[in-house]
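**Q** Below is the file final32.pdb, which contains PDB, C-alpha atoms.
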ATOM      1  CA  MET A 286     105.131  84.779 109.623
ATOM      2  CA  TRP A 287     105.204  83.994 105.891
ATOM      3  CA  LEU A 288     103.510  87.295 104.944
ATOM      4  CA  SER A 289     106.469  89.298 106.189
ATOM      5  CA  SER A 290     109.348  86.820 105.945
ATOM      6  CA  SER A 291     108.859  85.311 102.481
ATOM      7  CA  SER A 292     109.095  86.990  99.087
ATOM      8  CA  VAL A 293     105.696  85.597  98.087
ATOM      9  CA  GLY A 294     104.077  86.920 101.278
ATOM     10  CA  ARG A 295     105.560  90.377 100.787
ATOM     11  CA  LYS A 296     104.365  90.506  97.196
ATOM     12  CA  PHE A 297     100.902  89.411  98.339
ATOM     13  CA  ILE A 298     100.760  92.320 100.829
ATOM     14  CA  MET A 299     101.978  94.704  98.118
ATOM     15  CA  ALA A 300      99.207  93.433  95.844
ATOM     16  CA  VAL A 301      96.435  93.821  98.441
ATOM     17  CA  THR A 302      97.508  97.292  99.585
ATOM     18  CA  GLY A 303      98.056  98.334  95.968
ATOM     19  CA  ALA A 304      94.530  97.237  95.019
ATOM     20  CA  VAL A 305      93.049  99.344  97.830
ATOM     21  CA  LEU A 306      95.078 102.373  96.744
ATOM     22  CA  VAL A 307      93.993 101.947  93.101
ATOM     23  CA  LEU A 308      90.349 101.969  94.210
ATOM     24  CA  PHE A 309      90.946 105.070  96.336
ATOM     25  CA  VAL A 310      92.679 106.903  93.477
ATOM     26  CA  THR A 311      89.710 106.086  91.229
ATOM     27  CA  PHE A 312      87.252 107.352  93.870
ATOM     28  CA  HIS A 313      89.299 110.528  94.347
ATOM     29  CA  CYS A 314      89.272 111.125  90.591
ATOM     30  CA  LEU A 315      85.471 110.839  90.493
ATOM     31  CA  MET A 316      85.104 113.144  93.494
ATOM     32  CA  ASN A 317      87.248 115.763  91.764
ATOM     33  CA  ALA A 318      84.940 115.491  88.754
ATOM     34  CA  ILE A 319      82.067 116.586  91.014
ATOM     35  CA  ALA A 320      84.055 119.726  91.860
ATOM     36  CA  ILE A 321      83.953 120.578  88.147
ATOM     37  CA  ALA A 322      80.390 119.553  87.316
ATOM     38  CA  TRP A 323      78.740 120.694  90.565
ATOM     39  CA  PRO A 324      81.056 122.652  92.899
ATOM     40  CA  VAL A 325      78.343 123.236  95.508
ATOM     41  CA  ALA A 326      77.780 119.477  95.792
ATOM     42  CA  TYR A 327      81.544 118.983  96.134
ATOM     43  CA  ASN A 328      81.575 121.298  99.166
ATOM     44  CA  SER A 329      78.570 119.433 100.574
ATOM     45  CA  ILE A 330      80.568 116.204 100.342
ATOM     46  CA  CYS A 331      83.470 117.925 102.120
ATOM     47  CA  MET A 332      81.061 118.962 104.876
ATOM     48  CA  PHE A 333      79.621 115.438 105.096
ATOM     49  CA  LEU A 334      83.068 113.889 105.428
ATOM     50  CA  GLY A 335      85.029 116.515 107.355
ATOM     51  CA  ALA A 336      86.343 115.283 110.693
ATOM     52  CA  ASN A 337      83.481 112.862 111.366
ATOM     53  CA  TRP A 338      84.416 109.540 112.945
ATOM     54  CA  TYR A 339      83.850 107.553 109.746
ATOM     55  CA  ALA A 340      86.009 109.933 107.721
ATOM     56  CA  LEU A 341      88.777 109.784 110.342
ATOM     57  CA  ILE A 342      88.680 105.973 110.377
ATOM     58  CA  ALA A 343      88.838 105.919 106.571
ATOM     59  CA  SER A 344      91.753 108.410 106.572
ATOM     60  CA  ALA A 345      93.646 106.393 109.186
ATOM     61  CA  GLY A 346      93.024 103.170 107.257
ATOM     62  CA  LEU A 347      94.205 104.736 104.007
ATOM     63  CA  ALA A 348      97.342 106.078 105.711
ATOM     64  CA  ALA A 349      98.028 102.596 107.095
ATOM     65  CA  PHE A 350      97.728 101.037 103.626
ATOM     66  CA  ILE A 351     100.086 103.662 102.159
ATOM     67  CA  ILE A 352     102.676 103.136 104.910
ATOM     68  CA  VAL A 353     102.527  99.325 104.608
ATOM     69  CA  HIS A 354     102.769  99.587 100.811
ATOM     70  CA  ILE A 355     105.865 101.790 101.085
ATOM     71  CA  ILE A 356     107.553  99.612 103.728
ATOM     72  CA  TYR A 357     107.073  96.417 101.736
ATOM     73  CA  ALA A 358     108.148  98.127  98.509
ATOM     74  CA  VAL A 359     111.439  99.094 100.172
ATOM     75  CA  MET A 360     111.837  95.593 101.650
ATOM     76  CA  LEU A 361     111.336  93.930  98.258
ATOM     77  CA  THR A 362     113.709  96.371  96.543
ATOM     78  CA  VAL A 363     116.442  95.713  99.117
ATOM     79  CA  GLN A 364     115.823  91.956  98.832
ATOM     80  CA  ASN A 365     116.114  92.058  95.041
ATOM     81  CA  ARG A 366     119.305  94.127  95.185
ATOM     82  CA  ARG A 367     120.899  91.682  97.612
ATOM     83  CA  ALA A 368     119.866  88.760  95.425
ATOM     84  CA  ARG A 369     121.525  90.323  92.370
ATOM     85  CA  GLY A 370     124.681  91.125  94.283
ATOM     86  CA  HIS A 371     127.451  92.575  92.103
ATOM     87  CA  GLU A 372     125.421  91.983  88.961
ATOM     88  CA  ARG A 373     123.496  95.185  89.589
ATOM     89  CA  TYR A 374     126.654  97.179  88.828
ATOM     90  CA  ALA A 375     127.048  95.573  85.430
ATOM     91  CA  ILE A 376     126.075  97.733  82.479
ATOM     92  CA  SER A 377     123.380  95.962  80.518
ATOM     93  CA  LYS A 378     120.353  96.779  78.456
ATOM     94  CA  ARG A 379     116.870  96.287  79.810
ATOM     95  CA  PRO A 380     115.815  92.704  79.071
ATOM     96  CA  ALA A 381     113.290  92.272  76.276
ATOM     97  CA  GLY A 382     109.730  92.105  77.565
ATOM     98  CA  VAL A 383     110.574  93.879  80.830
ATOM     99  CA  GLU A 384     108.754  97.198  81.213
ATOM    100  CA  TRP A 385     110.678 100.361  82.095
ATOM    101  CA  SER A 386     108.234 100.997  84.938
ATOM    102  CA  SER A 387     108.922  97.514  86.322
ATOM    103  CA  GLN A 388     112.580  98.426  86.862
ATOM    104  CA  ASN A 389     111.791 101.863  88.262
ATOM    105  CA  MET A 390     108.804 101.278  90.562
ATOM    106  CA  LEU A 391     110.672 102.565  93.616
ATOM    107  CA  VAL A 392     111.768 105.762  91.855
ATOM    108  CA  LEU A 393     108.227 106.304  90.591
ATOM    109  CA  GLY A 394     106.948 105.667  94.113
ATOM    110  CA  ILE A 395     109.271 108.337  95.525
ATOM    111  CA  VAL A 396     108.032 110.888  92.954
ATOM    112  CA  ILE A 397     104.419 109.999  93.808
ATOM    113  CA  LEU A 398     105.173 110.278  97.530
ATOM    114  CA  ALA A 399     106.626 113.776  97.037
ATOM    115  CA  PHE A 400     103.553 114.749  95.029
ATOM    116  CA  LEU A 401     101.310 113.292  97.756
ATOM    117  CA  ALA A 402     103.099 115.400 100.369
ATOM    118  CA  VAL A 403     102.399 118.577  98.356
ATOM    119  CA  HIS A 404      98.764 117.561  97.885
ATOM    120  CA  MET A 405      98.262 116.873 101.597
ATOM    121  CA  ILE A 406      99.845 120.191 102.586
ATOM    122  CA  GLN A 407      97.565 122.067 100.187
ATOM    123  CA  PHE A 408      94.359 120.254 101.140
ATOM    124  CA  TRP A 409      94.261 117.695 103.988
ATOM    125  CA  ALA A 410      96.399 119.770 106.374
ATOM    126  CA  LYS A 411      94.121 122.793 105.854
ATOM    127  CA  MET A 412      90.845 120.881 105.935
ATOM    128  CA  GLN A 413      90.426 117.717 107.991
ATOM    129  CA  LEU A 414      93.489 118.344 110.160
ATOM    130  CA  MET A 415      92.265 121.839 111.099
ATOM    131  CA  GLU A 416      88.886 120.387 112.064
ATOM    132  CA  VAL A 417      90.536 117.725 114.204
ATOM    133  CA  LEU A 418      92.646 120.369 115.951
ATOM    134  CA  GLY A 419      89.599 122.617 116.397
ATOM    135  CA  LYS A 420      91.313 125.575 114.742
ATOM    136  CA  GLU A 421      89.360 128.221 112.859
ATOM    137  CA  THR A 422      91.087 129.745 109.850
ATOM    138  CA  VAL A 423      90.127 132.428 107.339
ATOM    139  CA  ILE A 424      88.883 129.745 104.935
ATOM    140  CA  PRO A 425      86.301 127.366 106.442
ATOM    141  CA  ALA A 426      87.752 123.863 106.664
ATOM    142  CA  THR A 427      84.865 122.407 104.639
ATOM    143  CA  ALA A 428      85.072 124.917 101.761
ATOM    144  CA  GLY A 429      86.892 122.576  99.379
ATOM    145  CA  THR A 430      86.518 124.817  96.336
ATOM    146  CA  LEU A 431      88.270 127.672  98.136
ATOM    147  CA  PHE A 432      91.285 125.432  98.737
ATOM    148  CA  ILE A 433      91.178 124.531  95.039
ATOM    149  CA  GLN A 434      91.212 128.285  94.328
ATOM    150  CA  GLU A 435      94.105 128.877  96.712
ATOM    151  CA  ALA A 436      96.190 125.981  95.332
ATOM    152  CA  PHE A 437      95.586 126.236  91.591
ATOM    153  CA  GLN A 438      95.983 129.990  91.308
ATOM    154  CA  LEU A 439      99.684 129.293  91.910
ATOM    155  CA  VAL A 440     101.729 128.858  88.712
ATOM    156  CA  TRP A 441     103.677 125.822  89.924
ATOM    157  CA  THR A 442     100.729 123.759  91.215
ATOM    158  CA  PRO A 443      99.479 122.329  87.872
ATOM    159  CA  ILE A 444     103.079 121.572  86.857
ATOM    160  CA  VAL A 445     103.735 119.571  90.027
ATOM    161  CA  TYR A 446     100.389 117.791  89.734
ATOM    162  CA  ILE A 447     100.851 116.778  86.097
ATOM    163  CA  ILE A 448     104.351 115.419  86.850
ATOM    164  CA  GLY A 449     102.859 113.475  89.765
ATOM    165  CA  PHE A 450     100.041 112.146  87.579
ATOM    166  CA  ILE A 451     102.460 110.948  84.894
ATOM    167  CA  ALA A 452     104.506 109.077  87.520
ATOM    168  CA  LEU A 453     101.255 107.651  88.898
ATOM    169  CA  TRP A 454     100.294 106.416  85.414
ATOM    170  CA  PHE A 455     103.487 104.399  85.075
ATOM    171  CA  HIS A 456     103.261 103.102  88.640
ATOM    172  CA  MET A 457      99.592 102.088  88.431
ATOM    173  CA  ASN A 458      99.809 100.717  84.909
ATOM    174  CA  HIS A 459     102.457  98.188  85.913
ATOM    175  CA  GLY A 460     101.186  97.636  89.452
ATOM    176  CA  MET A 461      97.586  96.824  88.477
ATOM    177  CA  TRP A 462      98.361  93.780  86.349
ATOM    178  CA  SER A 463     101.415  92.639  88.301
ATOM    179  CA  MET A 464      99.391  92.425  91.534
ATOM    180  CA  PHE A 465      97.336  89.649  89.920
ATOM    181  CA  GLN A 466     100.558  87.903  88.970
ATOM    182  CA  SER A 467     101.769  88.252  92.570
ATOM    183  CA  VAL A 468      98.742  86.388  93.920
ATOM    184  CA  GLY A 469      99.170  83.546  91.424
ATOM    185  CA  TRP A 470      96.948  84.631  88.549
ATOM    186  CA  ASP A 471      99.730  84.470  85.974
ATOM    187  CA  SER A 472      98.332  82.417  83.127
ATOM    188  CA  THR A 473      99.634  83.236  79.657
ATOM    189  CA  ILE A 474      96.050  83.861  78.555
ATOM    190  CA  TRP A 475      95.040  86.322  81.272
ATOM    191  CA  ILE A 476      98.222  88.349  81.795
ATOM    192  CA  PRO A 477      98.022  90.041  78.334
ATOM    193  CA  ARG A 478      94.336  90.779  78.984
ATOM    194  CA  LEU A 479      95.071  92.181  82.430
ATOM    195  CA  LYS A 480      97.783  94.380  80.962
ATOM    196  CA  LYS A 481      95.264  95.866  78.527
ATOM    197  CA  ILE A 482      92.661  96.344  81.259
ATOM    198  CA  ALA A 483      95.254  98.008  83.509
ATOM    199  CA  CYS A 484      96.395 100.295  80.697
ATOM    200  CA  CYS A 485      92.827 101.360  79.830
ATOM    201  CA  TRP A 486      91.812 101.880  83.480
ATOM    202  CA  THR A 487      94.942 103.819  84.369
ATOM    203  CA  THR A 488      94.836 105.930  81.212
ATOM    204  CA  VAL A 489      91.208 106.975  81.785
ATOM    205  CA  VAL A 490      91.814 107.813  85.459
ATOM    206  CA  ILE A 491      95.030 109.779  84.859
ATOM    207  CA  ALA A 492      93.589 111.567  81.809
ATOM    208  CA  LEU A 493      90.670 112.702  83.979
ATOM    209  CA  PHE A 494      93.065 113.840  86.718
ATOM    210  CA  ILE A 495      95.093 115.910  84.245
ATOM    211  CA  ALA A 496      91.928 117.380  82.704
ATOM    212  CA  GLU A 497      90.685 118.270  86.195
ATOM    213  CA  ALA A 498      93.970 119.970  87.065
ATOM    214  CA  ILE A 499      93.743 122.046  83.873
ATOM    215  CA  VAL A 500      90.114 123.033  84.537
ATOM    216  CA  PHE A 501      90.898 123.907  88.174
ATOM    217  CA  THR A 502      93.787 126.101  87.003
ATOM    218  CA  VAL A 503      91.649 127.928  84.435
ATOM    219  CA  GLN A 504      88.777 128.425  86.884
ATOM    220  CA  ALA A 505      91.081 129.558  89.684
ATOM    221  CA  ASN A 506      92.732 132.155  87.455
ATOM    222  CA  LYS A 507      89.275 133.401  86.479
ATOM    223  CA  GLN A 508      88.493 133.517  90.244
ATOM    224  CA  HIS A 509      85.398 131.436  89.571
ATOM    225  CA  TYR A 510      85.457 129.878  93.040
ATOM    226  CA  LEU A 511      85.445 133.357  94.582
ATOM    227  CA  LYS A 512      82.843 135.021  92.382
ATOM    228  CA  ASP A 513      80.232 132.323  91.761
ATOM    229  CA  GLU A 514      77.048 133.422  93.539
ATOM    230  CA  ALA A 515      75.897 129.936  94.543
ATOM    231  CA  LEU A 516      79.301 129.190  96.050
ATOM    232  CA  ARG A 517      79.397 132.537  97.866
ATOM    233  CA  ASN A 518      76.066 131.825  99.519
ATOM    234  CA  GLN A 519      77.276 128.383 100.493
ATOM    235  CA  TYR A 520      80.464 129.804 102.019
ATOM    236  CA  LYS A 521      78.308 132.254 103.980
ATOM    237  CA  THR A 522      76.413 129.380 105.624
ATOM    238  CA  MET A 523      79.749 127.957 106.754
ATOM    239  CA  VAL A 524      81.012 131.107 108.502
ATOM    240  CA  VAL A 525      77.843 132.761 109.841
ATOM    241  CA  PRO A 526      77.360 130.155 112.641
ATOM    242  CA  MET A 527      80.613 131.446 114.179
ATOM    243  CA  LEU A 528      78.654 134.548 115.262
ATOM    244  CA  GLU A 529      76.095 132.677 117.342
ATOM    245  CA  LYS A 530      78.096 132.715 120.578
ATOM    246  CA  ASP A 531      78.408 136.517 120.619
ATOM    247  CA  PHE A 532      75.337 137.686 118.676
ATOM    248  CA  GLY A 533      72.797 134.937 119.342
ATOM    249  CA  PRO A 534      70.865 132.498 117.109
ATOM    250  CA  ALA A 535      68.411 135.166 115.873
ATOM    251  CA  ALA A 536      71.228 137.177 114.256
ATOM    252  CA  VAL A 537      72.679 134.030 112.705
ATOM    253  CA  GLN A 538      69.293 133.046 111.279
ATOM    254  CA  GLN A 539      68.753 136.518 109.836
ATOM    255  CA  LEU A 540      72.196 136.673 108.226
ATOM    256  CA  SER A 541      71.854 133.125 106.865
ATOM    257  CA  SER A 542      68.661 134.078 105.026
ATOM    258  CA  MET A 543      70.272 137.090 103.331
ATOM    259  CA  PRO A 544      71.839 137.003  99.862
ATOM    260  CA  PHE A 545      75.641 137.213 100.006
ATOM    261  CA  GLU A 546      75.833 140.922  99.109
ATOM    262  CA  GLN A 547      73.387 141.902 101.854
ATOM    263  CA  TYR A 548      75.255 139.736 104.336
ATOM    264  CA  GLU A 549      78.516 141.429 103.344
ATOM    265  CA  GLN A 550      77.023 144.898 103.753
ATOM    266  CA  ALA A 551      75.509 143.975 107.127
ATOM    267  CA  ILE A 552      78.771 142.596 108.516
ATOM    268  CA  ARG A 553      80.951 145.434 107.258
ATOM    269  CA  GLY A 554      78.431 148.016 108.407
ATOM    270  CA  GLN A 555      78.118 146.476 111.883
ATOM    271  CA  TYR A 556      81.881 146.271 112.207
ATOM    272  CA  ARG A 557      82.363 149.922 111.263
ATOM    273  CA  SER A 558      79.598 151.119 113.586
ATOM    274  CA  MET A 559      81.076 149.202 116.521
ATOM    275  CA  GLN A 560      84.482 150.709 115.786
ATOM    276  CA  ASP A 561      83.118 154.237 116.108
ATOM    277  CA  PRO A 562      84.768 155.801 119.214
ATOM    278  CA  GLN A 563      81.441 156.693 120.858
ATOM    279  CA  ALA A 564      79.957 153.236 120.222
ATOM    280  CA  ALA A 565      83.161 151.574 121.405
ATOM    281  CA  ALA A 566      83.112 153.625 124.626
ATOM    282  CA  TYR A 567      79.443 152.778 125.223
ATOM    283  CA  TYR A 568      79.762 149.025 124.632
ATOM    284  CA  SER A 569      83.021 148.841 126.608
ATOM    285  CA  ALA A 570      81.395 150.541 129.562
ATOM    286  CA  GLN A 571      78.442 148.142 129.487
ATOM    287  CA  ASP A 572      80.372 144.857 129.151
ATOM    288  CA  PRO A 573      83.992 144.994 127.953
ATOM    289  CA  GLU A 574      84.289 141.212 127.622
ATOM    290  CA  ALA A 575      81.137 140.941 125.484
ATOM    291  CA  TYR A 576      82.249 143.870 123.313
ATOM    292  CA  ASN A 577      85.670 142.345 122.700
ATOM    293  CA  GLY A 578      84.008 139.027 121.838
ATOM    294  CA  MET A 579      81.722 140.686 119.289
ATOM    295  CA  ILE A 580      84.621 142.586 117.709
ATOM    296  CA  GLU A 581      86.677 139.393 117.461
ATOM    297  CA  ALA A 582      83.762 137.499 115.904
ATOM    298  CA  LEU A 583      83.179 140.278 113.372
ATOM    299  CA  GLU A 584      86.886 140.419 112.533
ATOM    300  CA  GLN A 585      86.754 136.723 111.606
ATOM    301  CA  GLN A 586      83.885 137.498 109.234
ATOM    302  CA  ILE A 587      85.783 140.483 107.800
ATOM    303  CA  GLU A 588      88.878 138.344 107.159
ATOM    304  CA  PHE A 589      86.726 135.866 105.303
ATOM    305  CA  LEU A 590      85.026 138.620 103.287
ATOM    306  CA  ASP A 591      88.378 140.205 102.434
ATOM    307  CA  PHE A 592      89.459 136.845 101.002
ATOM    308  CA  ILE A 593      86.250 136.296  99.024
ATOM    309  CA  ALA A 594      85.339 139.877  98.060
ATOM    310  CA  PRO A 595      88.031 142.382  99.102
ATOM    311  CA  GLU A 596      87.038 146.032  99.359
ATOM    312  CA  GLU A 597      88.958 148.833  97.681
ATOM    313  CA  ILE A 598      88.934 150.657 101.023
ATOM    314  CA  PRO A 599      89.863 148.252 103.819
ATOM    315  CA  ALA A 600      87.017 147.652 106.255
ATOM    316  CA  THR A 601      89.459 147.887 109.174
ATOM    317  CA  ALA A 602      90.043 151.606 108.600
ATOM    318  CA  ASN A 603      89.162 153.551 111.744
ATOM    319  CA  PRO A 604      86.576 156.280 110.945
ATOM    320  CA  ALA A 605      88.119 158.446 113.627
ATOM    321  CA  ASN A 606      91.298 158.747 111.546
ATOM    322  CA  ASN A 607      89.457 159.958 108.415
TER     323      ASN A 607
END
Spit out the file's structure as structure tokens when you get a sec.
**A**
Amino acid sequence: MWLSSSSVGRKFIMAVTGAVLVLFVTFHCLMNAIAIAWPVAYNSICMFLGANWYALIASAGLAAFIIVHIIYAVMLTVQNRRARGHERYAISKRPAGVEWSSQNMLVLGIVILAFLAVHMIQFWAKMQLMEVLGKETVIPATAGTLFIQEAFQLVWTPIVYIIGFIALWFHMNHGMWSMFQSVGWDSTIWIPRLKKIACCWTTVVIALFIAEAIVFTVQANKQHYLKDEALRNQYKTMVVPMLEKDFGPAAVQQLSSMPFEQYEQAIRGQYRSMQDPQAAAYYSAQDPEAYNGMIEALEQQIEFLDFIAPEEIPATANPANN
């Protein structure tokens, strides 16, 4: 098949997959901007996407495009090296008119791939993957701003991201105009124009990414995503439904209608009262399995609260030991 066996076909596939990835990067940049302008809406988008079938299909499709792009990039690099033969060992200056990024696309791609791995570990693996696996963690899988808090409060995160963004600028800047050349649109009139368009597009997108990383870092160090009242109430609506199995829908509805501080007091107070030796003995005698289920459900809420609003005196302290 000419798409996989010929140089032209391989470049065509690189161009198509590259175009899709450029569009995704642009979309991702705009979505991150929502996290700055309207964090509550950003979490709502995370909830809308989550592990729904359309989001999973989109994620699988994106992964397929990335894998194909990488495979064909390696194939073309190997092909070009074989074509040059021993000439590649000769010491020579970069030919005039040839961009530095053009000669280092594979290296740039490797840097971007390493950055992508870090990004996926910090976000996708803790969000969509956890939903797919059905695992409940301290942070709700749809609370995107809490994962921003967790990632960008680390000193090294913005450094890694900015390095990745710079590599992405070089890679996209060259790739955007060269993909048109790969599909035959290589007129001497349009190539200079496409280079300018690619440079402007890439510069705006990467500048926004870097600005977003800086804002996320500042906000995370101010603990904005932990202290903002609107976000706290939104987080509460994500975790309260976990109590329905053991406490019933009426309790969930009541807690959902409370402001965050009242919800926190109610959960911590209920947990302490159920830990009292007399209460524990009473509930255990009535229905040990139900009691253990309620304690476990409350402990999940306490873990969440300790992450969002830790107490000076741990809520797990046993009153009997005081």
**Q** Could you please determine the separation between atom CA of A:Ile552 and atom CA of A:Val423 in Å, to one decimal place?
**A**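 Interatomic distance here is 15.3 Å.
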**Q** Could you name the residues that touch A:Gly394 at 8 Å or less, counting only C-alpha atoms, but leaving out those on the same chain fewer than 6 positions away, as a list of chain:residue names?
**A**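 After dropping sequence-adjacent residues, the list is A:Ala452, A:Leu453, A:His456.
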**Q** Here is a test: counting all atoms listed in the file, which residue of A:Gln508, A:Gln550, A:Thr430, A:Thr487 is nearest to A:Met461?
**A**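 Smallest distance to A:Met461 is found for A:Thr487.
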**Q** Can you list what the PyMOL selection byres ((chain A and resi 332-349) around 7) grabs from this structure, as a PyMOL selection string?
**A** chain A and resi 328-331+350-353+413+416-417+427
**Q** Counting all atoms listed in the file, what is within 6 Å of stretch 438-450 of chain A, bar same-chain residues fewer than 5 positions away, as a list of chain:residue names?
**A** A:Ile397, A:Phe400, A:Ala505, A:Asn506
**Q** If I take atom CA of A:Ser541 and atom CA of A:Asn518, how far is one from the other in Å, to one decimal?
**A**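 Atom-to-atom, atom CA of A:Ser541 and atom CA of A:Asn518 are spaced 8.6 Å apart.
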**Q** I'd like to see the residues matched by the PyMOL selection byres ((chain A and resi 575-588) around 7) on this file, and ideally I'd get them as a PyMOL selection string.
**A** chain A and resi 423+528+531+552-553+556+568-569+572-574+589-592
**Q** Can you tell me, as a list of chain:residue names, what residues are no more than 9 Å from A:Ala304 when counting all atoms listed in the file, ignoring any on the same chain fewer than 3 positions away?
**A**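 Counting all atoms listed in the file, the residues come to A:Met299, A:Ala300, A:Val301, A:Val307, A:Leu308, A:Phe309, A:Gly460, A:Met461, A:Met464.
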**Q** Give me, please, the distance in Å between atom CA of A:Glu514 and atom CA of A:Phe432, quoted to one decimal.
**A**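 Calculated distance between atom CA of A:Glu514 and atom CA of A:Phe432 is 17.1 Å.
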**Q** Once the PyMOL selection byres ((chain A and resi 519-522) around 10) has been applied to the shown file, what residues remain in the selection, as a PyMOL selection string?
**A** chain A and resi 325+328-329+424-425+427-428+430-431+511+514-518+523-527+537-538+540-545+548-549+586+589-590+593
**Q** My list of candidates is A:Ile298, A:Ala436, A:Ala426, A:Ile474. Which is closest to A:Ala498 when distances are computed with only C-alpha atoms?
**A**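 The closest residue to A:Ala498 is A:Ala436.
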**Q** Which residue gives the smallest distance to A:Ile321 among A:Val293, A:Met412, A:Ile433, A:Ile482, with all atoms listed in the file counted?
**A** A:Ile433
**Q** Select, from A:Ala565, A:Val500, A:Val403, A:Ala594, the residue with the minimum atom-to-atom distance to A:Ala320, counting all atoms listed in the file.
**A** A:Val500
**Q** May I have the protein, DNA and RNA residues with an atom at most 8 Å from (95.8, 102.9, 84.8), counting only C-alpha atoms in the file's coordinates, returned as a list of chain:residue names?
**A**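 Within the cut-off we find A:Trp454, A:Phe455, A:Met457, A:Asn458, A:Met461, A:Ala483, A:Cys484, A:Cys485, A:Trp486, A:Thr487, A:Thr488, A:Val489, A:Val490, A:Ile491.
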**Q** Keeping only C-alpha atoms, write the selected residues as a PDB file, keeping the file's coordinate frame.
**A**
ATOM      1  CA  TRP A 454     100.294 106.416  85.414  1.00  0.00           C
ATOM      2  CA  PHE A 455     103.487 104.399  85.075  1.00  0.00           C
ATOM      3  CA  MET A 457      99.592 102.088  88.431  1.00  0.00           C
ATOM      4  CA  ASN A 458      99.809 100.717  84.909  1.00  0.00           C
ATOM      5  CA  MET A 461      97.586  96.824  88.477  1.00  0.00           C
ATOM      6  CA  ALA A 483      95.254  98.008  83.509  1.00  0.00           C
ATOM      7  CA  CYS A 484      96.395 100.295  80.697  1.00  0.00           C
ATOM      8  CA  CYS A 485      92.827 101.360  79.830  1.00  0.00           C
ATOM      9  CA  TRP A 486      91.812 101.880  83.480  1.00  0.00           C
ATOM     10  CA  THR A 487      94.942 103.819  84.369  1.00  0.00           C
ATOM     11  CA  THR A 488      94.836 105.930  81.212  1.00  0.00           C
ATOM     12  CA  VAL A 489      91.208 106.975  81.785  1.00  0.00           C
ATOM     13  CA  VAL A 490      91.814 107.813  85.459  1.00  0.00           C
ATOM     14  CA  ILE A 491      95.030 109.779  84.859  1.00  0.00           C
TER      15      ILE A 491
END
**Q** Can you sort out the box for stretch 411-422 of chain A, edges along x, y and z, all listed atoms in, 3 Å on every side, with centre and edge lengths in Å to one decimal, as AutoDock Vina command-line options?
**A**
--center_x 91.5 --center_y 123.7 --center_z 111.1 --size_x 11.2 --size_y 18.0 --size_z 16.5
